[in-house]
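The block underneath contains the structure these notes are about, expressed in C-alpha cells.
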Amino acid sequence: MSAGDIMLQKVAPILGVIINTIMYASPLPSVRRALKTKSLGELNPLPFTIAFANVIAWTSYGLVTKDPYVTTPNFIGIPLTLFCSLSCFELADDRIKRIIKIIIVTESLSLSFTWVLVAFCAGSHDTEGIVWGLAGNMMAIIYYAAPLSSMVKVIKSRNSSSILVPLTLANSLNALLWTLYGFGIDNIFVWLPNLIGLVLSLAQFALRLIYPAIPRGAPIMDSSDTERGSSLATDSSSAALGGGGVFGSGNSGLSSDPHHRAAEYLKLGSGGQIQEQNLSHDLITTEGDQNRLMNASEAINLTTRTNATIALSPAAAPS
C-alpha cells in the first residue's frame with residue numbers, strides 16, 4: 001500500500017471519525033444556551049431533526065458493509081442529534097413544531113421502508129449495501145441542504161448570526177475528509193454526498209464573511225444613520241471652535257429623530273475652557289439613558305448661566 005493509499009484509506013477516515021463526532025457535538029453549547037434562555041434565538045432546529053435520520057441511515061450502511069469508520073461516528077451521533085432535536089422542539093413555535101413533525105413522520109416512513117426492503121427484497125449482501133448507500137445519500141444531501149433556509153434568511157436580512165461557525169467548520173472538515181476517503185476506496189456512496197456537503201458548507205462560510213453577525217435586539221444602523229452621525233461630528237467640531245452647536249447659533253448637534261441619537265455633545269465650561277464629552281452613541285431607550293440626557297441638559301443650562309455671569313461681571317483692575 002502506497003503512502004497515498006494510506007493517507008486516503010486510513011488517515012483520512014480516522015480523522016473523519018474524530019471530526020464527525022465533534023461535528024455532532026458542536027451544537028451542544030448553542031442548544032444549552034437556548035435551553036437556559038428559553039429561546040431559540042437565531043438557532044435553526046430543522047438540521048438537527050434531519051441529522052437524526054442521517055446518522056441512523058449511515059449507521060445501518062456501516063453495519064451492513066462492516067465499515068468501522070462509517071459506523072463509529074454515526075452511532076455516537078444518534079443520541080447527540082436526538083438530544084438537540086428534542087431540546088429545540090420544546091422551544092420552537094407552533095409553525096416550526098408542525099414542520100418538525102412532518103419531517104419526523106417522513107423520515108420514519110422512509111427508514112422503515114428501507115429496513116423492510118433490505119430484509120425481504122435484497123437478494124445479496126452487496127444489494128443491501130447499495131440500498132442503504134442510496135438511503136444514506138438521500139439523507140446526507142437533505143442534511144447538508146437543510147441550512148439553505150438559513151442561507152436565504154441571511155441574504156434577506158443581511159445578518160449571518162444564524163450560521164453557527166463551529167458547526168459549519170466541523171461540517172466542512174468532515175465533508176472534506178469523507179470525500180477523500182470515498183475517492184480512496186472508490187465508493188461513490190461515500191464521496192458524492194460529502195462533496196456536495198463541502199460545497200454547501202463553504203457557501204455558508206462565504207455568507208458569514210460577507211454579512212456581519214448581529215445579535216438579536218441590537219440596533220442596526222442604515223446609511224442614513226451613518227450620514228447623520230457624520231453630520232453630528234462635523235457640527236461638534238464647529239461648536240468647539242465657537243461657530244455653532246450648543247453654545248452657538250448653529251445646529252445644536254442633536255438628531256431630529258426622537259428614536260435615534262448618533263451622539264449627544266455636552267459642552268462643559270470651566271475657567272473659560274470648553275470640553276467636549278461624548279455622552280452616548282447608542283439607542284436611547286432605557287430610563288438610565290433618559291436620566292443621563294436630562295442631567296446633560298441641566299448641566300448645559302447651568303454652564304450657560306455661569307458664562308453669562310462671568311461676561312457681565314466687572315473686569316479686574318490691572319495691578
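Ordering of the C-alpha cells sets the chain letters (A, B, ...); residue numbers start at 1 within each chain; ligands are numbered from 1 in the order shown.
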Range 200-211 of chain A environment, 12 Å, only C-alpha atoms, sequence neighbours closer than 2 positions dropped, as a VMD selection string: chain A and resid 140 to 176 193 to 198 213 to 214
Non-local contacts of range 46-57 of chain A (10 Å; only C-alpha atoms; under 5 positions in same chain excluded) as JSON, numbers by chain: {"A": [24, 27, 62, 70, 71, 73, 74, 75, 76, 77, 78, 79, 80, 81, 82, 83, 84, 85, 86, 87, 88, 89, 96, 97, 99, 100, 101, 103, 104, 106, 107, 108, 110, 111, 114, 115, 132, 133, 134, 135, 136, 137, 138, 139, 140, 141, 142, 143, 144, 145, 146, 147, 148, 149, 150]}
Distance in Å - CA of Pro45 in chain A versus CA of Pro13 in chain A: 28.1 Å
Residue neighbourhood Trp191 in chain A, 8 Å, only C-alpha atoms, exclusion window fewer than 3 positions, as number ranges by chain: A: 178-183, 187-188, 194-195
Coordinates-based distance that separates CA of Phe189 in chain A from CA of Ala119 in chain A (Å, one decimal): 20.3 Å
All alpha helix (DSSP H) positions in range 96-190 of chain A, as number ranges by chain: A: 96-120, 125-145, 148-157, 165-184, 188-190
